[in-house]
Amino acid sequence: MNCIFCKIAAGEIPSRKVYEDDQVAVFHDIQPQAPVHLLVIPRKHIASLNDAAPEDAELLGRLLLAARKAAEDAGIAGSGYRVINNCGKDAGQVVFHIHLHVLGGEDLGPLLAPRA
Ligand code: AMP
Ligand code: ZN
């Protein structure tokens, strides 16, 4: 499979990993949008949240818990952080291997603001 995040999970292309286990890997985003910007991925290739199946429920939970651990290890659990999943075109998903962004280390401002 020609998938950049599968290759990162397999160690076939370099990344700055901060955590990995048999199911999940966490590494620094190559174009950080905040002082802390990590990506949490499953080793299993799931293209997007739209492609997750009921049997992926535990794995999806593991992704969230890995996001929390990554925030704790980065020292931003107390100050707060944002976990984002972009799903599909309108959300701007670029890499079609499901991932969570973990952003923090500064005041991120409001995500949801009333439309003008
Ligand atoms: P998304 O728009 O949610 O699909 O986000 C994909 C993210 O992957 C972007 O924030 C990119 O900066 C990041 N990214 C793409 N290639 C790499 C890479 N080789 N290593 C680390 N992060 C990457
Ligand atoms: Zn993949």
# chains A, B, ... in the order shown; residues from 1 in each chain; ligands from 1
$ residues_near_ligand --ligand "ligand 2" --cutoff "10 Å" --atoms "only C-alpha atoms and all ligand atoms" --output "PyMOL selection string"
chain A and resi 1-10+41-48+95-99
$ residues_near_ligand --ligand "ligand 1" --cutoff "9 Å" --atoms "only C-alpha atoms and all ligand atoms" --output "mmCIF file with N, CA and C atoms, in the first residue's frame"
data_model
loop_
_atom_site.group_PDB
_atom_site.id
_atom_site.type_symbol
_atom_site.label_atom_id
_atom_site.label_comp_id
_atom_site.auth_asym_id
_atom_site.auth_seq_id
_atom_site.Cartn_x
_atom_site.Cartn_y
_atom_site.Cartn_z
ATOM 1 N N ILE A 4 1.736 7.026 3.095
ATOM 2 C CA ILE A 4 2.862 7.613 3.829
ATOM 3 C C ILE A 4 2.788 7.279 5.322
ATOM 4 N N PHE A 5 1.583 7.240 5.899
ATOM 5 C CA PHE A 5 1.504 6.963 7.336
ATOM 6 C C PHE A 5 1.692 5.474 7.627
ATOM 7 N N ILE A 8 5.395 5.340 7.714
ATOM 8 C CA ILE A 8 5.915 5.886 8.971
ATOM 9 C C ILE A 8 5.718 4.869 10.091
ATOM 10 N N ILE A 13 9.846 5.167 6.357
ATOM 11 C CA ILE A 13 10.304 6.541 6.137
ATOM 12 C C ILE A 13 10.417 7.207 7.504
ATOM 13 N N PRO A 14 11.359 8.167 7.621
ATOM 14 C CA PRO A 14 11.672 8.697 8.947
ATOM 15 C C PRO A 14 10.558 9.586 9.509
ATOM 16 N N SER A 15 10.480 9.590 10.824
ATOM 17 C CA SER A 15 9.587 10.503 11.527
ATOM 18 C C SER A 15 10.162 10.689 12.918
ATOM 19 N N ARG A 16 9.683 11.722 13.590
ATOM 20 C CA ARG A 16 10.103 11.962 14.981
ATOM 21 C C ARG A 16 9.058 11.336 15.891
ATOM 22 N N PHE A 27 3.786 10.702 16.437
ATOM 23 C CA PHE A 27 4.995 11.375 15.958
ATOM 24 C C PHE A 27 4.692 12.850 15.718
ATOM 25 N N HIS A 28 5.762 13.635 15.620
ATOM 26 C CA HIS A 28 5.605 15.078 15.390
ATOM 27 C C HIS A 28 5.132 15.349 13.967
ATOM 28 N N ASP A 29 4.161 16.272 13.850
ATOM 29 C CA ASP A 29 3.744 16.739 12.534
ATOM 30 C C ASP A 29 4.908 17.486 11.887
ATOM 31 N N ILE A 30 5.101 17.262 10.594
ATOM 32 C CA ILE A 30 6.236 17.850 9.882
ATOM 33 C C ILE A 30 6.054 19.358 9.666
ATOM 34 N N GLN A 31 4.814 19.820 9.734
ATOM 35 C CA GLN A 31 4.510 21.258 9.579
ATOM 36 C C GLN A 31 3.666 21.712 10.761
ATOM 37 N N PRO A 32 4.316 21.890 11.926
ATOM 38 C CA PRO A 32 3.536 22.134 13.149
ATOM 39 C C PRO A 32 2.735 23.430 13.085
ATOM 40 N N GLN A 33 1.493 23.332 13.566
ATOM 41 C CA GLN A 33 0.581 24.492 13.602
ATOM 42 C C GLN A 33 0.444 25.055 15.016
ATOM 43 N N HIS A 37 2.534 19.810 18.234
ATOM 44 C CA HIS A 37 1.635 19.309 17.187
ATOM 45 C C HIS A 37 2.058 17.898 16.853
ATOM 46 N N LEU A 38 1.302 16.958 17.404
ATOM 47 C CA LEU A 38 1.596 15.541 17.235
ATOM 48 C C LEU A 38 0.482 14.883 16.437
ATOM 49 N N LEU A 39 0.818 13.781 15.789
ATOM 50 C CA LEU A 39 -0.159 12.986 15.045
ATOM 51 C C LEU A 39 -0.222 11.593 15.662
ATOM 52 N N ILE A 84 -7.993 16.807 17.054
ATOM 53 C CA ILE A 84 -8.761 17.046 15.823
ATOM 54 C C ILE A 84 -8.631 15.854 14.892
ATOM 55 N N ASN A 85 -9.752 15.467 14.301
ATOM 56 C CA ASN A 85 -9.726 14.531 13.173
ATOM 57 C C ASN A 85 -10.365 15.221 11.979
ATOM 58 N N ASN A 86 -9.611 15.355 10.907
ATOM 59 C CA ASN A 86 -10.170 15.848 9.656
ATOM 60 C C ASN A 86 -10.662 14.657 8.857
ATOM 61 N N CYS A 87 -11.924 14.684 8.451
ATOM 62 C CA CYS A 87 -12.500 13.578 7.680
ATOM 63 C C CYS A 87 -13.016 14.113 6.359
ATOM 64 N N GLY A 88 -12.282 13.791 5.296
ATOM 65 C CA GLY A 88 -12.780 14.102 3.953
ATOM 66 C C GLY A 88 -12.443 15.494 3.459
ATOM 67 N N ALA A 91 -13.192 18.990 5.198
ATOM 68 C CA ALA A 91 -12.395 19.185 6.412
ATOM 69 C C ALA A 91 -10.914 19.380 6.089
ATOM 70 N N GLY A 92 -10.557 19.230 4.822
ATOM 71 C CA GLY A 92 -9.163 19.421 4.425
ATOM 72 C C GLY A 92 -8.277 18.229 4.691
ATOM 73 N N GLN A 93 -8.872 17.024 4.779
ATOM 74 C CA GLN A 93 -8.024 15.838 4.980
ATOM 75 C C GLN A 93 -7.106 15.664 3.777
ATOM 76 N N VAL A 94 -5.823 15.548 4.048
ATOM 77 C CA VAL A 94 -4.804 15.429 2.997
ATOM 78 C C VAL A 94 -4.231 14.011 2.962
ATOM 79 N N VAL A 95 -4.006 13.450 4.143
ATOM 80 C CA VAL A 95 -3.440 12.102 4.231
ATOM 81 C C VAL A 95 -4.573 11.129 4.587
ATOM 82 N N PHE A 96 -4.841 10.197 3.674
ATOM 83 C CA PHE A 96 -5.972 9.291 3.862
ATOM 84 C C PHE A 96 -5.533 8.013 4.561
ATOM 85 N N HIS A 97 -5.023 8.217 5.769
ATOM 86 C CA HIS A 97 -4.798 7.183 6.784
ATOM 87 C C HIS A 97 -5.232 7.883 8.070
ATOM 88 N N ILE A 98 -6.258 7.368 8.687
ATOM 89 C CA ILE A 98 -6.902 8.088 9.800
ATOM 90 C C ILE A 98 -5.869 8.528 10.835
ATOM 91 N N HIS A 99 -6.019 9.750 11.325
ATOM 92 C CA HIS A 99 -5.092 10.269 12.332
ATOM 93 C C HIS A 99 -5.781 11.319 13.175
ATOM 94 N N LEU A 100 -5.285 11.450 14.399
ATOM 95 C CA LEU A 100 -5.692 12.525 15.294
ATOM 96 C C LEU A 100 -4.557 13.521 15.395
ATOM 97 N N HIS A 101 -4.878 14.798 15.253
ATOM 98 C CA HIS A 101 -3.925 15.865 15.556
ATOM 99 C C HIS A 101 -4.062 16.188 17.046
#
$ residues_around --residues "A:Gly105" --least-positions-apart "4" --cutoff "7 Å" --atoms "only C-alpha atoms" --output "list of chain:residue names"
A:Ala34, A:Pro35, A:Val36, A:Ile76
$ write_last_selection --atoms "N, CA, C and O atoms" --output "PDB file, in the first residue's frame"
ATOM      1  N   ALA A  34       1.230  24.530  15.950  1.00  0.00           N
ATOM      2  CA  ALA A  34       1.222  24.984  17.345  1.00  0.00           C
ATOM      3  C   ALA A  34       2.546  24.517  17.946  1.00  0.00           C
ATOM      4  O   ALA A  34       3.232  23.672  17.354  1.00  0.00           O
ATOM      5  N   PRO A  35       2.929  25.064  19.114  1.00  0.00           N
ATOM      6  CA  PRO A  35       4.204  24.635  19.731  1.00  0.00           C
ATOM      7  C   PRO A  35       4.288  23.125  19.918  1.00  0.00           C
ATOM      8  O   PRO A  35       5.373  22.550  19.786  1.00  0.00           O
ATOM      9  N   VAL A  36       3.172  22.498  20.258  1.00  0.00           N
ATOM     10  CA  VAL A  36       3.106  21.033  20.265  1.00  0.00           C
ATOM     11  C   VAL A  36       2.099  20.623  19.184  1.00  0.00           C
ATOM     12  O   VAL A  36       0.944  21.081  19.195  1.00  0.00           O
ATOM     13  N   ILE A  76       1.527  19.126  28.324  1.00  0.00           N
ATOM     14  CA  ILE A  76       0.443  20.074  28.029  1.00  0.00           C
ATOM     15  C   ILE A  76      -0.926  19.566  28.497  1.00  0.00           C
ATOM     16  O   ILE A  76      -1.942  20.204  28.210  1.00  0.00           O
TER      17      ILE A  76
END
$ select_by_dssp --residues "chain A" --states "alpha helix (DSSP H)" --output "NGL selection string"
:A and (4-10 or 57-74)
$ closest_residue --among "A:Leu49, A:Leu59, A:Ala77, A:Leu64" --to "A:Glu106" --atoms "only C-alpha atoms"
A:Ala77
$ closest_residue --among "A:Val26, A:Gly11, A:Asp51, A:Leu108" --to "A:Leu65" --atoms "only C-alpha atoms"
A:Val26
$ select_by_dssp --residues "chain A" --states "strand (DSSP E or B)" --output "ChimeraX atom specification"
/A:17-20,24-28,36-42,81-84,100-104
$ closest_residue --among "A:Val18, A:Leu111, A:Gln23, A:Arg82" --to "A:Gly61" --atoms "only C-alpha atoms"
A:Gln23
$ atom_distance --atom1 "atom CA of A:Gly104" --atom2 "atom CA of A:Val83"
9.1 Å
$ decode --residues "stretch 6-115 of chain A" --atoms "C-alpha atoms" --output "mmCIF file, in the first residue's frame"
data_model
loop_
_atom_site.group_PDB
_atom_site.id
_atom_site.type_symbol
_atom_site.label_atom_id
_atom_site.label_comp_id
_atom_site.auth_asym_id
_atom_site.auth_seq_id
_atom_site.Cartn_x
_atom_site.Cartn_y
_atom_site.Cartn_z
ATOM 1 C CA CYS A 6 1.659 3.166 6.867
ATOM 2 C CA LYS A 7 5.309 3.695 5.923
ATOM 3 C CA ILE A 8 5.915 5.886 8.971
ATOM 4 C CA ALA A 9 4.272 3.265 11.210
ATOM 5 C CA ALA A 10 6.518 0.600 9.665
ATOM 6 C CA GLY A 11 9.630 2.771 10.058
ATOM 7 C CA GLU A 12 10.168 2.769 6.293
ATOM 8 C CA ILE A 13 10.304 6.541 6.137
ATOM 9 C CA PRO A 14 11.672 8.697 8.947
ATOM 10 C CA SER A 15 9.587 10.503 11.527
ATOM 11 C CA ARG A 16 10.103 11.962 14.981
ATOM 12 C CA LYS A 17 8.221 9.302 16.925
ATOM 13 C CA VAL A 18 7.388 9.980 20.561
ATOM 14 C CA TYR A 19 5.431 6.792 21.240
ATOM 15 C CA GLU A 20 4.619 3.486 19.591
ATOM 16 C CA ASP A 21 3.165 0.157 20.557
ATOM 17 C CA ASP A 22 1.766 -2.813 18.668
ATOM 18 C CA GLN A 23 -1.312 -0.881 17.511
ATOM 19 C CA VAL A 24 -0.591 2.851 17.631
ATOM 20 C CA ALA A 25 2.188 5.317 16.757
ATOM 21 C CA VAL A 26 2.596 8.995 17.690
ATOM 22 C CA PHE A 27 4.995 11.375 15.958
ATOM 23 C CA HIS A 28 5.605 15.078 15.390
ATOM 24 C CA ASP A 29 3.744 16.739 12.534
ATOM 25 C CA ILE A 30 6.236 17.850 9.882
ATOM 26 C CA GLN A 31 4.510 21.258 9.579
ATOM 27 C CA PRO A 32 3.536 22.134 13.149
ATOM 28 C CA GLN A 33 0.581 24.492 13.602
ATOM 29 C CA ALA A 34 1.222 24.984 17.345
ATOM 30 C CA PRO A 35 4.204 24.635 19.731
ATOM 31 C CA VAL A 36 3.106 21.033 20.265
ATOM 32 C CA HIS A 37 1.635 19.309 17.187
ATOM 33 C CA LEU A 38 1.596 15.541 17.235
ATOM 34 C CA LEU A 39 -0.159 12.986 15.045
ATOM 35 C CA VAL A 40 -1.669 9.787 16.431
ATOM 36 C CA ILE A 41 -2.197 6.922 13.981
ATOM 37 C CA PRO A 42 -3.205 3.279 14.092
ATOM 38 C CA ARG A 43 -0.813 0.785 12.497
ATOM 39 C CA LYS A 44 -3.866 -0.615 10.706
ATOM 40 C CA HIS A 45 -4.665 1.258 7.506
ATOM 41 C CA ILE A 46 -8.062 2.923 7.847
ATOM 42 C CA ALA A 47 -8.444 5.673 5.264
ATOM 43 C CA SER A 48 -10.689 7.981 7.275
ATOM 44 C CA LEU A 49 -13.303 7.974 10.004
ATOM 45 C CA ASN A 50 -15.815 7.196 7.248
ATOM 46 C CA ASP A 51 -13.989 3.912 6.687
ATOM 47 C CA ALA A 52 -13.845 2.774 10.316
ATOM 48 C CA ALA A 53 -15.943 -0.306 11.063
ATOM 49 C CA PRO A 54 -17.687 -1.398 14.269
ATOM 50 C CA GLU A 55 -14.803 -3.795 14.946
ATOM 51 C CA ASP A 56 -12.454 -0.779 14.998
ATOM 52 C CA ALA A 57 -14.191 0.644 18.077
ATOM 53 C CA GLU A 58 -11.485 -0.452 20.503
ATOM 54 C CA LEU A 59 -8.736 0.794 18.228
ATOM 55 C CA LEU A 60 -10.427 4.191 17.939
ATOM 56 C CA GLY A 61 -10.522 4.360 21.727
ATOM 57 C CA ARG A 62 -6.832 3.520 21.838
ATOM 58 C CA LEU A 63 -6.131 6.443 19.529
ATOM 59 C CA LEU A 64 -7.867 8.823 21.936
ATOM 60 C CA LEU A 65 -6.022 7.417 24.948
ATOM 61 C CA ALA A 66 -2.718 7.653 23.048
ATOM 62 C CA ALA A 67 -3.556 11.300 22.309
ATOM 63 C CA ARG A 68 -4.019 11.923 26.026
ATOM 64 C CA LYS A 69 -0.767 10.139 26.866
ATOM 65 C CA ALA A 70 1.072 12.153 24.216
ATOM 66 C CA ALA A 71 -0.325 15.364 25.739
ATOM 67 C CA GLU A 72 0.756 14.251 29.205
ATOM 68 C CA ASP A 73 4.250 13.329 27.997
ATOM 69 C CA ALA A 74 4.542 16.658 26.147
ATOM 70 C CA GLY A 75 3.622 18.476 29.371
ATOM 71 C CA ILE A 76 0.443 20.074 28.029
ATOM 72 C CA ALA A 77 -2.224 17.922 29.642
ATOM 73 C CA GLY A 78 -2.732 20.458 32.434
ATOM 74 C CA SER A 79 -2.698 23.584 30.269
ATOM 75 C CA GLY A 80 -5.000 21.999 27.724
ATOM 76 C CA TYR A 81 -4.912 20.761 24.182
ATOM 77 C CA ARG A 82 -7.115 20.130 21.174
ATOM 78 C CA VAL A 83 -7.630 16.776 19.440
ATOM 79 C CA ILE A 84 -8.761 17.046 15.823
ATOM 80 C CA ASN A 85 -9.726 14.531 13.173
ATOM 81 C CA ASN A 86 -10.170 15.848 9.656
ATOM 82 C CA CYS A 87 -12.500 13.578 7.680
ATOM 83 C CA GLY A 88 -12.780 14.102 3.953
ATOM 84 C CA LYS A 89 -12.529 16.937 1.497
ATOM 85 C CA ASP A 90 -14.406 19.736 3.232
ATOM 86 C CA ALA A 91 -12.395 19.185 6.412
ATOM 87 C CA GLY A 92 -9.163 19.421 4.425
ATOM 88 C CA GLN A 93 -8.024 15.838 4.980
ATOM 89 C CA VAL A 94 -4.804 15.429 2.997
ATOM 90 C CA VAL A 95 -3.440 12.102 4.231
ATOM 91 C CA PHE A 96 -5.972 9.291 3.862
ATOM 92 C CA HIS A 97 -4.798 7.183 6.784
ATOM 93 C CA ILE A 98 -6.902 8.088 9.800
ATOM 94 C CA HIS A 99 -5.092 10.269 12.332
ATOM 95 C CA LEU A 100 -5.692 12.525 15.294
ATOM 96 C CA HIS A 101 -3.925 15.865 15.556
ATOM 97 C CA VAL A 102 -2.903 16.828 19.113
ATOM 98 C CA LEU A 103 -2.334 20.568 19.339
ATOM 99 C CA GLY A 104 -1.277 22.655 22.324
ATOM 100 C CA GLY A 105 1.431 24.568 24.110
ATOM 101 C CA GLU A 106 -0.305 27.932 23.636
ATOM 102 C CA ASP A 107 -3.796 29.421 23.797
ATOM 103 C CA LEU A 108 -5.342 27.936 20.669
ATOM 104 C CA GLY A 109 -8.263 30.359 20.593
ATOM 105 C CA PRO A 110 -11.814 29.355 19.769
ATOM 106 C CA LEU A 111 -12.336 26.582 17.246
ATOM 107 C CA LEU A 112 -16.048 27.123 16.877
ATOM 108 C CA ALA A 113 -17.166 30.722 16.478
ATOM 109 C CA PRO A 114 -20.565 32.018 15.380
ATOM 110 C CA ARG A 115 -20.747 32.636 11.624
#
